[in-house]
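S.K.: This is coords_26.cif (mmCIF, C-alpha atoms).
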data_model
#
loop_
_atom_site.label_atom_id
_atom_site.label_comp_id
_atom_site.auth_asym_id
_atom_site.auth_seq_id
_atom_site.Cartn_x
_atom_site.Cartn_y
_atom_site.Cartn_z
CA MET A 1 63.45 -22.79 114.03
CA ASP A 2 59.90 -24.10 113.94
CA GLN A 3 58.75 -27.56 114.95
CA LEU A 4 58.83 -29.09 111.52
CA ASP A 5 62.36 -27.95 110.81
CA ILE A 6 63.62 -29.87 113.83
CA LEU A 7 62.17 -32.99 112.27
CA LYS A 8 63.54 -32.04 108.88
CA LYS A 9 67.04 -31.75 110.30
CA ASN A 10 66.90 -35.38 111.41
CA TRP A 11 64.68 -36.68 108.62
CA GLN A 12 67.34 -38.03 106.30
CA SER A 13 69.09 -39.97 109.01
CA GLN A 14 66.01 -41.90 110.07
CA THR A 15 66.19 -45.65 110.20
CA SER A 16 63.63 -48.27 110.97
CA ASP A 17 63.03 -51.93 111.61
CA THR A 18 61.50 -52.24 108.16
CA PRO A 19 63.52 -54.71 106.14
CA HIS A 20 65.41 -53.36 103.20
CA PHE A 21 64.37 -55.46 100.23
CA SER A 22 67.07 -57.26 98.30
CA THR A 23 67.34 -56.95 94.53
CA GLU A 24 65.89 -60.46 94.20
CA GLN A 25 62.93 -59.59 96.41
CA LEU A 26 62.28 -56.43 94.41
CA LYS A 27 62.32 -58.43 91.20
CA GLY A 28 59.75 -60.78 92.73
CA LEU A 29 57.46 -57.86 93.52
CA LEU A 30 57.32 -56.86 89.85
CA ALA A 31 55.43 -60.01 88.95
CA HIS A 32 52.47 -59.07 91.14
CA LYS A 33 49.29 -57.51 89.82
CA SER A 34 47.95 -54.16 90.88
CA THR A 35 45.15 -54.08 93.43
CA GLY A 36 44.64 -50.33 93.07
CA ILE A 37 41.38 -48.54 92.37
CA VAL A 38 42.11 -47.84 88.70
CA LYS A 39 42.17 -51.55 88.03
CA TRP A 40 38.87 -51.97 89.85
CA LEU A 41 37.39 -49.07 87.94
CA PHE A 42 38.31 -50.87 84.75
CA ILE A 43 36.83 -54.20 85.88
CA ILE A 44 33.58 -52.58 87.02
CA ALA A 45 33.27 -50.66 83.74
CA MET A 46 33.77 -53.89 81.75
CA ILE A 47 31.06 -55.59 83.81
CA GLU A 48 28.70 -52.66 83.22
CA PHE A 49 29.28 -52.70 79.47
CA PHE A 50 28.88 -56.45 79.37
CA VAL A 51 25.70 -56.55 81.49
CA PHE A 52 23.78 -54.03 79.40
CA ILE A 53 24.91 -55.47 76.08
CA ILE A 54 23.87 -58.97 77.20
CA LEU A 55 20.59 -57.60 78.55
CA GLY A 56 19.86 -56.14 75.12
CA VAL A 57 20.71 -59.38 73.32
CA ILE A 58 18.59 -61.46 75.72
CA SER A 59 15.57 -59.19 75.27
CA HIS A 60 16.03 -59.39 71.51
CA PHE A 61 15.92 -63.21 71.53
CA TYR A 62 13.06 -63.16 73.98
CA ASN A 63 11.04 -60.90 71.69
CA GLN A 64 11.75 -63.16 68.71
CA SER A 65 10.71 -66.35 70.48
CA SER A 66 7.71 -64.80 72.23
CA ASP A 67 4.15 -65.88 71.32
CA ILE A 68 3.32 -62.26 70.66
CA ASP A 69 4.75 -60.70 67.55
CA VAL A 70 6.50 -57.93 69.49
CA ILE A 71 8.55 -56.79 66.52
CA GLY A 72 5.46 -56.71 64.30
CA ILE A 73 3.43 -54.75 66.84
CA MET A 74 6.16 -52.22 67.54
CA GLY A 75 6.90 -51.92 63.86
CA LYS A 76 10.24 -52.91 62.35
CA PRO A 77 11.52 -49.32 61.93
CA PHE A 78 10.90 -48.53 65.60
CA TYR A 79 12.20 -51.86 66.92
CA TYR A 80 15.39 -52.01 64.86
CA GLY A 81 15.86 -48.24 64.92
CA THR A 82 15.99 -48.13 68.71
CA SER A 83 18.28 -51.18 68.81
CA ILE A 84 20.75 -49.65 66.36
CA LEU A 85 20.66 -46.35 68.24
CA HIS A 86 21.18 -48.18 71.51
CA TYR A 87 24.28 -50.04 70.37
CA THR A 88 25.70 -46.95 68.68
CA VAL A 89 25.41 -45.07 71.95
CA ILE A 90 27.04 -47.95 73.84
CA ILE A 91 29.96 -47.97 71.39
CA GLY A 92 30.24 -44.21 71.92
CA PHE A 93 30.44 -44.76 75.66
CA ILE A 94 33.10 -47.46 75.25
CA TYR A 95 35.16 -45.03 73.20
CA LEU A 96 34.74 -42.25 75.82
CA PHE A 97 35.68 -44.65 78.58
CA TYR A 98 38.75 -45.83 76.69
CA ARG A 99 39.87 -42.23 76.08
CA ASN A 100 39.42 -41.22 79.71
CA TYR A 101 41.04 -44.38 80.97
CA ARG A 102 44.13 -43.79 78.85
CA ASN A 103 44.50 -40.31 80.30
CA ILE A 104 44.99 -41.75 83.77
CA SER A 105 48.70 -41.72 84.44
CA VAL A 106 50.14 -42.41 87.83
CA ALA A 107 53.04 -40.06 87.10
CA GLN A 108 50.89 -36.95 86.64
CA PRO A 109 50.35 -34.36 89.38
CA THR A 110 48.06 -35.68 92.13
CA ARG A 111 45.25 -33.28 91.35
CA SER A 112 45.13 -34.15 87.63
CA LEU A 113 45.26 -37.84 88.45
CA MET A 114 42.28 -37.54 90.77
CA LYS A 115 40.44 -35.39 88.25
CA ASN A 116 40.97 -37.94 85.48
CA ILE A 117 39.80 -40.83 87.65
CA LEU A 118 36.67 -38.90 88.60
CA LYS A 119 36.08 -38.06 84.96
CA THR A 120 36.24 -41.73 84.03
CA ARG A 121 33.79 -42.50 86.79
CA ARG A 122 31.48 -39.74 85.54
CA THR A 123 31.41 -41.33 82.09
CA MET A 124 30.26 -44.57 83.69
CA LYS A 125 27.66 -42.67 85.70
CA TRP A 126 26.21 -41.26 82.48
CA TYR A 127 26.36 -44.72 80.95
CA ILE A 128 24.24 -46.13 83.77
CA TRP A 129 21.80 -43.21 83.56
CA TYR A 130 21.53 -43.66 79.82
CA ASN A 131 20.74 -47.36 80.16
CA LEU A 132 18.18 -46.89 82.91
CA ILE A 133 16.38 -44.20 80.93
CA TYR A 134 16.55 -46.33 77.79
CA ILE A 135 15.06 -49.31 79.62
CA MET A 136 12.31 -47.10 81.05
CA VAL A 137 11.37 -45.31 77.83
CA VAL A 138 11.61 -48.19 75.35
CA GLY A 139 10.16 -50.60 77.91
CA MET A 140 7.12 -48.42 78.53
CA ILE A 141 6.52 -47.71 74.85
CA GLY A 142 6.80 -51.45 74.20
CA MET A 143 4.36 -52.23 77.01
CA THR A 144 1.83 -49.67 75.81
CA LEU A 145 1.86 -51.27 72.37
CA VAL A 146 2.07 -54.92 73.44
CA ILE A 147 -0.49 -55.08 76.29
CA PRO A 148 -3.58 -54.64 74.06
CA ASN A 149 -2.26 -57.48 71.87
CA ASP A 150 -1.28 -59.98 74.54
CA PRO A 151 -3.59 -63.01 74.08
CA GLN A 152 -3.87 -63.64 77.81
CA ILE A 153 -4.77 -60.04 78.56
CA VAL A 154 -7.19 -59.92 75.63
CA ALA A 155 -8.87 -63.10 76.93
CA LEU A 156 -9.18 -61.54 80.36
CA MET A 157 -10.66 -58.36 78.94
CA ASN A 158 -13.26 -60.34 76.99
CA ARG A 159 -14.76 -61.83 80.12
CA PRO A 160 -18.27 -60.55 80.76
CA GLU A 161 -17.44 -59.14 84.21
CA MET A 162 -14.77 -56.92 82.64
CA ALA A 163 -17.25 -55.14 80.40
CA GLY A 164 -16.86 -51.40 80.71
CA LYS A 165 -13.65 -51.69 82.76
CA GLU A 166 -11.27 -52.25 79.83
CA THR A 167 -9.66 -48.81 79.91
CA LEU A 168 -9.23 -48.93 83.68
CA MET A 169 -7.61 -52.38 83.51
CA TYR A 170 -5.40 -51.22 80.70
CA PHE A 171 -4.05 -48.42 82.86
CA VAL A 172 -3.65 -50.76 85.84
CA PHE A 173 -1.45 -53.04 83.71
CA LEU A 174 0.56 -50.09 82.48
CA GLY A 175 0.87 -48.71 86.01
CA VAL A 176 2.12 -52.06 87.34
CA SER A 177 4.67 -52.35 84.51
CA PHE A 178 5.86 -48.82 85.24
CA VAL A 179 6.36 -49.58 88.93
CA VAL A 180 8.25 -52.80 88.09
CA PHE A 181 10.53 -50.93 85.66
CA LEU A 182 11.08 -48.18 88.17
CA LEU A 183 12.00 -50.65 90.91
CA ILE A 184 14.50 -52.43 88.65
CA CYS A 185 16.08 -49.06 87.82
CA ILE A 186 16.24 -47.95 91.45
CA VAL A 187 17.83 -51.22 92.56
CA MET A 188 20.42 -51.03 89.76
CA TYR A 189 21.20 -47.42 90.60
CA LEU A 190 21.63 -48.19 94.28
CA ILE A 191 23.97 -51.10 93.57
CA TYR A 192 26.01 -48.81 91.36
CA LEU A 193 26.09 -46.04 93.99
CA LEU A 194 27.26 -48.50 96.62
CA ILE A 195 30.05 -49.99 94.51
CA TYR A 196 31.51 -46.64 93.45
CA GLY A 197 30.89 -45.15 96.87
CA ILE A 198 33.03 -47.80 98.54
CA LEU A 199 35.69 -47.72 95.85
CA LEU A 200 36.14 -43.97 95.64
CA LYS A 201 35.41 -42.86 99.20
CA ARG A 202 39.00 -42.06 100.01
CA LEU A 203 39.67 -40.44 96.64
CA ASN A 204 36.65 -38.18 96.99
CA ARG A 205 37.72 -37.11 100.45
CA ASN A 206 41.26 -36.32 99.33
CA TYR A 207 40.10 -34.53 96.20
CA LYS A 208 37.85 -32.29 98.29
CA GLU A 209 40.78 -31.55 100.56
CA LEU A 210 42.94 -30.57 97.57
CA LYS A 211 40.19 -28.39 96.17
CA ARG A 212 39.72 -26.68 99.51
CA MET A 213 43.30 -25.42 99.25
CA GLU A 214 42.36 -23.36 96.24
CA VAL A 215 40.01 -21.15 98.20
CA MET B 1 59.22 -56.14 79.00
CA SER B 2 62.84 -56.73 78.30
CA LYS B 3 65.31 -58.10 80.81
CA LYS B 4 67.54 -55.09 80.33
CA LEU B 5 64.76 -52.71 81.24
CA GLU B 6 63.89 -54.81 84.27
CA LYS B 7 67.48 -54.88 85.45
CA GLU B 8 67.83 -51.14 85.03
CA PHE B 9 64.56 -50.52 86.87
CA VAL B 10 65.37 -52.81 89.79
CA LYS B 11 68.77 -51.15 90.17
CA GLN B 12 67.20 -47.69 90.38
CA LEU B 13 64.42 -48.88 92.67
CA ASN B 14 66.94 -50.52 94.94
CA GLU B 15 68.95 -47.33 95.22
CA ASN B 16 65.86 -45.29 96.02
CA GLN B 17 63.75 -47.76 97.96
CA ASN B 18 64.22 -45.80 101.14
CA ILE B 19 61.94 -43.10 99.71
CA VAL B 20 59.16 -45.66 99.29
CA HIS B 21 59.72 -47.04 102.78
CA LYS B 22 59.44 -43.56 104.27
CA ILE B 23 56.13 -43.00 102.48
CA CYS B 24 54.82 -46.41 103.53
CA ARG B 25 55.75 -45.73 107.15
CA LEU B 26 53.89 -42.44 107.03
CA TYR B 27 50.70 -43.85 105.52
CA THR B 28 50.39 -47.21 107.26
CA ASN B 29 50.37 -48.41 110.84
CA ASP B 30 51.60 -51.95 110.72
CA GLN B 31 54.17 -54.06 108.98
CA HIS B 32 51.69 -55.95 106.85
CA ALA B 33 50.05 -52.79 105.47
CA HIS B 34 53.49 -51.30 104.96
CA ASN B 35 54.54 -54.22 102.74
CA ASP B 36 51.19 -54.15 100.98
CA LEU B 37 51.59 -50.50 100.03
CA PHE B 38 55.24 -51.04 99.11
CA GLN B 39 54.12 -53.81 96.77
CA GLU B 40 51.48 -51.62 95.11
CA VAL B 41 53.93 -48.72 94.69
CA THR B 42 56.45 -51.09 93.08
CA VAL B 43 53.82 -52.41 90.66
CA GLN B 44 52.73 -48.89 89.72
CA LEU B 45 56.33 -47.74 89.26
CA TRP B 46 57.12 -50.71 87.07
CA ARG B 47 54.02 -50.24 84.95
CA ALA B 48 54.75 -46.56 84.44
CA TYR B 49 58.48 -47.08 83.91
CA PRO B 50 58.41 -47.48 80.09
CA LYS B 51 56.97 -43.97 79.91
CA PHE B 52 59.64 -42.53 82.18
CA ARG B 53 61.82 -40.69 79.73
CA GLY B 54 64.50 -39.57 82.08
CA ASP B 55 63.77 -35.88 81.53
CA SER B 56 63.44 -35.68 85.29
CA LYS B 57 65.44 -37.49 87.92
CA PHE B 58 64.32 -41.02 88.73
CA SER B 59 63.78 -40.04 92.34
CA THR B 60 61.61 -37.01 91.39
CA TRP B 61 59.45 -39.21 89.20
CA MET B 62 59.35 -41.77 91.98
CA TYR B 63 58.04 -39.24 94.52
CA ARG B 64 55.08 -38.60 92.27
CA VAL B 65 54.18 -42.18 91.52
CA ALA B 66 54.68 -43.33 95.11
CA LEU B 67 52.66 -40.47 96.64
CA ASN B 68 49.91 -40.85 94.05
CA THR B 69 49.70 -44.52 94.85
CA ALA B 70 49.52 -43.86 98.58
CA ILE B 71 46.96 -41.05 98.34
CA THR B 72 44.85 -42.05 95.37
CA LEU B 73 45.23 -45.56 94.02
CA TYR B 74 45.95 -47.72 97.01
CA ARG B 75 43.06 -49.61 98.53
CA LYS B 76 43.59 -50.86 102.02
CA SER B 77 42.76 -54.52 102.00
CA THR B 78 39.88 -54.90 104.41
CA ARG B 79 40.14 -58.59 105.03
CA ARG B 80 43.48 -58.22 106.71
CA VAL B 81 43.68 -58.69 110.44
CA LYS B 82 45.24 -55.65 112.01
CA THR B 83 48.57 -56.30 113.58
CA GLN B 84 50.71 -53.90 115.48
CA ASP B 85 54.12 -55.11 114.42
CA TYR B 86 55.58 -51.73 114.72
CA ASP B 87 54.78 -48.75 116.84
CA SER B 88 52.89 -46.42 114.56
CA VAL B 89 54.74 -43.36 115.78
CA GLN B 90 58.15 -44.93 115.84
CA PHE B 91 60.86 -42.62 114.64
CA LYS B 92 64.48 -43.67 114.84
CA ILE B 93 67.62 -41.94 113.72
CA GLU B 94 70.97 -43.33 112.87
CA ASP B 95 73.34 -41.41 115.01
CA GLN B 96 72.62 -41.80 118.66
CA GLN B 97 74.32 -38.61 119.73
CA GLU B 98 70.99 -36.92 120.16
CA ASP B 99 70.00 -36.73 123.78
CA ASP B 100 66.89 -38.40 125.11
CA GLU B 101 64.94 -35.19 125.36
CA GLN B 102 65.45 -34.32 121.74
CA MET B 103 64.64 -37.86 120.69
CA GLU B 104 61.41 -37.67 122.64
CA GLN B 105 60.53 -34.43 120.91
CA LEU B 106 61.20 -35.95 117.50
CA THR B 107 58.99 -38.93 118.28
CA LEU B 108 56.26 -36.56 119.40
CA LEU B 109 56.54 -34.56 116.19
CA TYR B 110 56.48 -37.63 114.01
CA GLY B 111 53.42 -38.83 115.88
CA ALA B 112 51.73 -35.50 115.18
CA VAL B 113 52.56 -35.76 111.46
CA LYS B 114 50.96 -39.20 111.40
CA GLN B 115 47.73 -37.68 112.65
CA LEU B 116 47.43 -35.38 109.64
CA ASN B 117 45.17 -36.25 106.71
CA ASP B 118 46.47 -37.88 103.51
CA ILE B 119 47.05 -34.64 101.60
CA GLU B 120 48.69 -32.85 104.50
CA LYS B 121 50.99 -35.81 105.02
CA ALA B 122 52.06 -35.63 101.37
CA LEU B 123 52.95 -31.94 101.66
CA VAL B 124 54.83 -32.49 104.89
CA PHE B 125 56.66 -35.45 103.40
CA LEU B 126 57.88 -33.43 100.44
CA TYR B 127 58.85 -30.59 102.75
CA LEU B 128 60.86 -32.95 104.95
CA GLU B 129 62.51 -34.35 101.83
CA ASP B 130 63.79 -30.83 101.27
CA LYS B 131 61.72 -30.12 98.19
CA ASN B 132 61.09 -26.46 97.47
CA TYR B 133 57.57 -25.04 97.14
CA ARG B 134 57.70 -25.14 93.37
CA GLU B 135 58.41 -28.88 93.39
CA ILE B 136 55.76 -29.49 96.07
CA ALA B 137 53.21 -27.53 94.04
CA GLU B 138 54.10 -29.40 90.84
CA THR B 139 53.84 -32.80 92.47
CA MET B 140 50.47 -32.07 94.02
CA GLY B 141 49.07 -30.11 91.07
CA ILE B 142 48.37 -26.95 93.05
CA THR B 143 49.80 -23.45 92.84
CA GLU B 144 52.96 -22.47 94.67
CA VAL B 145 51.09 -19.87 96.69
CA ASN B 146 48.54 -22.43 97.82
CA ALA B 147 51.30 -24.85 98.76
CA ARG B 148 52.93 -22.19 100.92
CA VAL B 149 49.67 -21.17 102.59
CA LYS B 150 48.80 -24.80 103.26
CA MET B 151 52.24 -25.53 104.70
CA ASN B 152 51.89 -22.65 107.15
CA ARG B 153 48.49 -23.94 108.22
CA ILE B 154 49.90 -27.43 108.69
CA LYS B 155 52.69 -26.06 110.87
CA THR B 156 50.12 -24.33 113.07
CA LYS B 157 48.08 -27.52 113.20
CA LEU B 158 51.13 -29.55 114.23
CA THR B 159 51.94 -27.10 117.03
CA LYS B 160 48.38 -27.44 118.26
CA ILE B 161 48.56 -31.23 118.25
CA ILE B 162 51.80 -31.19 120.24
CA ASN B 163 50.74 -28.44 122.66
CA PRO B 164 47.01 -28.85 123.03
#
Once you've parsed the file, please lay out its structure as structure tokens.
M.R.:
Amino acid sequence: MDQLDILKKNWQSQTSDTPHFSTEQLKGLLAHKSTGIVKWLFIIAMIEFFVFIILGVISHFYNQSSDIDVIGIMGKPFYYGTSILHYTVIIGFIYLFYRNYRNISVAQPTRSLMKNILKTRRTMKWYIWYNLIYIMVVGMIGMTLVIPNDPQIVALMNRPEMAGKETLMYFVFLGVSFVVFLLICIVMYLIYLLIYGILLKRLNRNYKELKRMEV
Amino acid sequence: MSKKLEKEFVKQLNENQNIVHKICRLYTNDQHAHNDLFQEVTVQLWRAYPKFRGDSKFSTWMYRVALNTAITLYRKSTRRVKTQDYDSVQFKIEDQQEDDEQMEQLTLLYGAVKQLNDIEKALVFLYLEDKNYREIAETMGITEVNARVKMNRIKTKLTKIINP
């Protein structure tokens, strides 16, 4: 008989100091809320959806109240076209998230459960990537169009000492905007990596271990 | 959810709570963490209960949910102060006929099992619960062959831990 079978022989008769919960105590436990990772995944996803939707709405109001006619400069078809596209994509992501989330069932085999959780997380990863790229692309196009029309910048360019340096200054402004956008994106991405990294560290480790068995 | 359902669930949970305790003991090292995990398993079982159709035994379904909670869903609360209420390798058996030497060996073995990783523990647990390889494979979502191979490797690993 091998080592484990000795333990197996005595396994069912094991006792412990752990209290056996009464029916009343068990009933009390039912009222508690889950603190598991799936719940956190859901909360984080809701925050992500919320943040980017709010960000879009804020920038819309900002553009409307701005001294510069941003919408006019960008052209209504471009401005509203990108906005409609943006929200359509977000709705698409919400649907994908909802579908993945519903597939997570605690009663499924361990490997499928882990796979489904990772799939849900991947959807959110793509969502973040989409938003960062959207901010970069639309932001830079907007900047390219708006900078030559900004009254303050125009005033600066009209100063005598700026004569002949307009194009250079124009690119400096664009370059600075690009770096600022890039920094915002990097910071957001790092925050996201950290949050999911902490949350799913154990799951990733265990999933790798399960996958290793297949080899 | 209806009172009837709750009553039925609590009755079944009560009858099978030892299974959950055994899992908690295997995956945690102190009383507080044990209760914490027990709580989370109960919540997950209760939430999944309406979908439990009874086409498998309650206990079989329970193995799955409880192990999945322990391996995948449960987050150890980090703010908790670690306490050592119970010896992490404690293993007790009901009948005291076993001699001291055998008891010592059992404690040693149990201690070795506790050193395994999360997935290995799950396989060993199911094995100790007298599940066959098909059931182990189904619970974990791997093939029967892989479950067998892995079990053999775990046995070798356990021998190495005990006799370094």
S.K.: Might you pull out every residue within 9 Å of B:Met151, with all atoms listed in the file counted and same-chain residues fewer than 2 positions away left off, and present them as a PyMOL selection string?
M.R.: chain B and resi 120+123-124+127+146-149+153-156
S.K.: Pull out every residue of chain B sitting within 7 Å of chain A, counting all atoms listed in the file, and send them as a ChimeraX atom specification.
M.R.: /B:10,14,39-40,42-43,46,61,64-65,68,72-75,91-94,106,118-119,128,138-141,146,150,155
S.K.: Hey, can you spit out that residue selection with C-alpha atoms as a CSV table (one decimal), keeping the file's coordinate frame?
M.R.:
chain,number,residue,atom,x,y,z
B,10,VAL,CA,65.4,-52.8,89.8
B,14,ASN,CA,66.9,-50.5,94.9
B,39,GLN,CA,54.1,-53.8,96.8
B,40,GLU,CA,51.5,-51.6,95.1
B,42,THR,CA,56.4,-51.1,93.1
B,43,VAL,CA,53.8,-52.4,90.7
B,46,TRP,CA,57.1,-50.7,87.1
B,61,TRP,CA,59.4,-39.2,89.2
B,64,ARG,CA,55.1,-38.6,92.3
B,65,VAL,CA,54.2,-42.2,91.5
B,68,ASN,CA,49.9,-40.8,94.0
B,72,THR,CA,44.8,-42.0,95.4
B,73,LEU,CA,45.2,-45.6,94.0
B,74,TYR,CA,46.0,-47.7,97.0
B,75,ARG,CA,43.1,-49.6,98.5
B,91,PHE,CA,60.9,-42.6,114.6
B,92,LYS,CA,64.5,-43.7,114.8
B,93,ILE,CA,67.6,-41.9,113.7
B,94,GLU,CA,71.0,-43.3,112.9
B,106,LEU,CA,61.2,-36.0,117.5
B,118,ASP,CA,46.5,-37.9,103.5
B,119,ILE,CA,47.0,-34.6,101.6
B,128,LEU,CA,60.9,-33.0,105.0
B,138,GLU,CA,54.1,-29.4,90.8
B,139,THR,CA,53.8,-32.8,92.5
B,140,MET,CA,50.5,-32.1,94.0
B,141,GLY,CA,49.1,-30.1,91.1
B,146,ASN,CA,48.5,-22.4,97.8
B,150,LYS,CA,48.8,-24.8,103.3
B,155,LYS,CA,52.7,-26.1,110.9
S.K.: Just the number, please: distance in Å from atom CA of B:Val20 to atom CA of B:Phe38, one decimal.
M.R.: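 Value for the atom CA of B:Val20-atom CA of B:Phe38 distance: 6.7 Å.
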S.K.: Nearest to A:Ile198 among B:Lys76, B:Arg25, B:Lys3, B:Arg134, with distances taken over only C-alpha atoms: which residue is it?
M.R.: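 Closest residue, counting only C-alpha atoms: B:Lys76.
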S.K.: Please measure the separation of atom CA of B:Glu144 and atom CA of B:Tyr63, giving the value in Å to one decimal.
M.R.: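 If I compute the distance from atom CA of B:Glu144 to atom CA of B:Tyr63, I get 17.5 Å.
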S.K.: Can you list what the PyMOL selection byres ((chain A and resi 97) around 10) grabs from this structure, as a PDB file with C-alpha atoms, in the frame of the given file?
M.R.:
ATOM      1  CA  PHE A  42      38.310 -50.870  84.750  1.00  0.00           C
ATOM      2  CA  ALA A  45      33.270 -50.660  83.740  1.00  0.00           C
ATOM      3  CA  MET A  46      33.770 -53.890  81.750  1.00  0.00           C
ATOM      4  CA  ILE A  91      29.960 -47.970  71.390  1.00  0.00           C
ATOM      5  CA  GLY A  92      30.240 -44.210  71.920  1.00  0.00           C
ATOM      6  CA  PHE A  93      30.440 -44.760  75.660  1.00  0.00           C
ATOM      7  CA  ILE A  94      33.100 -47.460  75.250  1.00  0.00           C
ATOM      8  CA  TYR A  95      35.160 -45.030  73.200  1.00  0.00           C
ATOM      9  CA  LEU A  96      34.740 -42.250  75.820  1.00  0.00           C
ATOM     10  CA  TYR A  98      38.750 -45.830  76.690  1.00  0.00           C
ATOM     11  CA  ARG A  99      39.870 -42.230  76.080  1.00  0.00           C
ATOM     12  CA  ASN A 100      39.420 -41.220  79.710  1.00  0.00           C
ATOM     13  CA  TYR A 101      41.040 -44.380  80.970  1.00  0.00           C
ATOM     14  CA  ARG A 102      44.130 -43.790  78.850  1.00  0.00           C
ATOM     15  CA  ASN A 103      44.500 -40.310  80.300  1.00  0.00           C
ATOM     16  CA  LYS A 119      36.080 -38.060  84.960  1.00  0.00           C
ATOM     17  CA  THR A 120      36.240 -41.730  84.030  1.00  0.00           C
ATOM     18  CA  ARG A 121      33.790 -42.500  86.790  1.00  0.00           C
ATOM     19  CA  ARG A 122      31.480 -39.740  85.540  1.00  0.00           C
ATOM     20  CA  THR A 123      31.410 -41.330  82.090  1.00  0.00           C
ATOM     21  CA  MET A 124      30.260 -44.570  83.690  1.00  0.00           C
ATOM     22  CA  TYR A 127      26.360 -44.720  80.950  1.00  0.00           C
TER      23      TYR A 127
END
S.K.: Let me know the residues the PyMOL selection byres ((chain B and resi 24) around 8) catches in the file above, as a ChimeraX atom specification.
M.R.: /B:20-23,25-28,34-35,37-38,70
S.K.: Run through the PyMOL selection byres ((chain A and resi 146-160) around 9) on the given coordinates and return the selected residues as a list in words.
M.R.: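 Checking the PyMOL selection byres ((chain A and resi 146-160) around 9) against this file, the residues are Asp67, Ile68, Asp69, Val70, Ile73, Met74, Ile141, Gly142, Met143, Thr144, Leu145, Glu161, Met162, Ala163, Lys165, Glu166, Met169, Tyr170, Phe173 and Leu174 of chain A.
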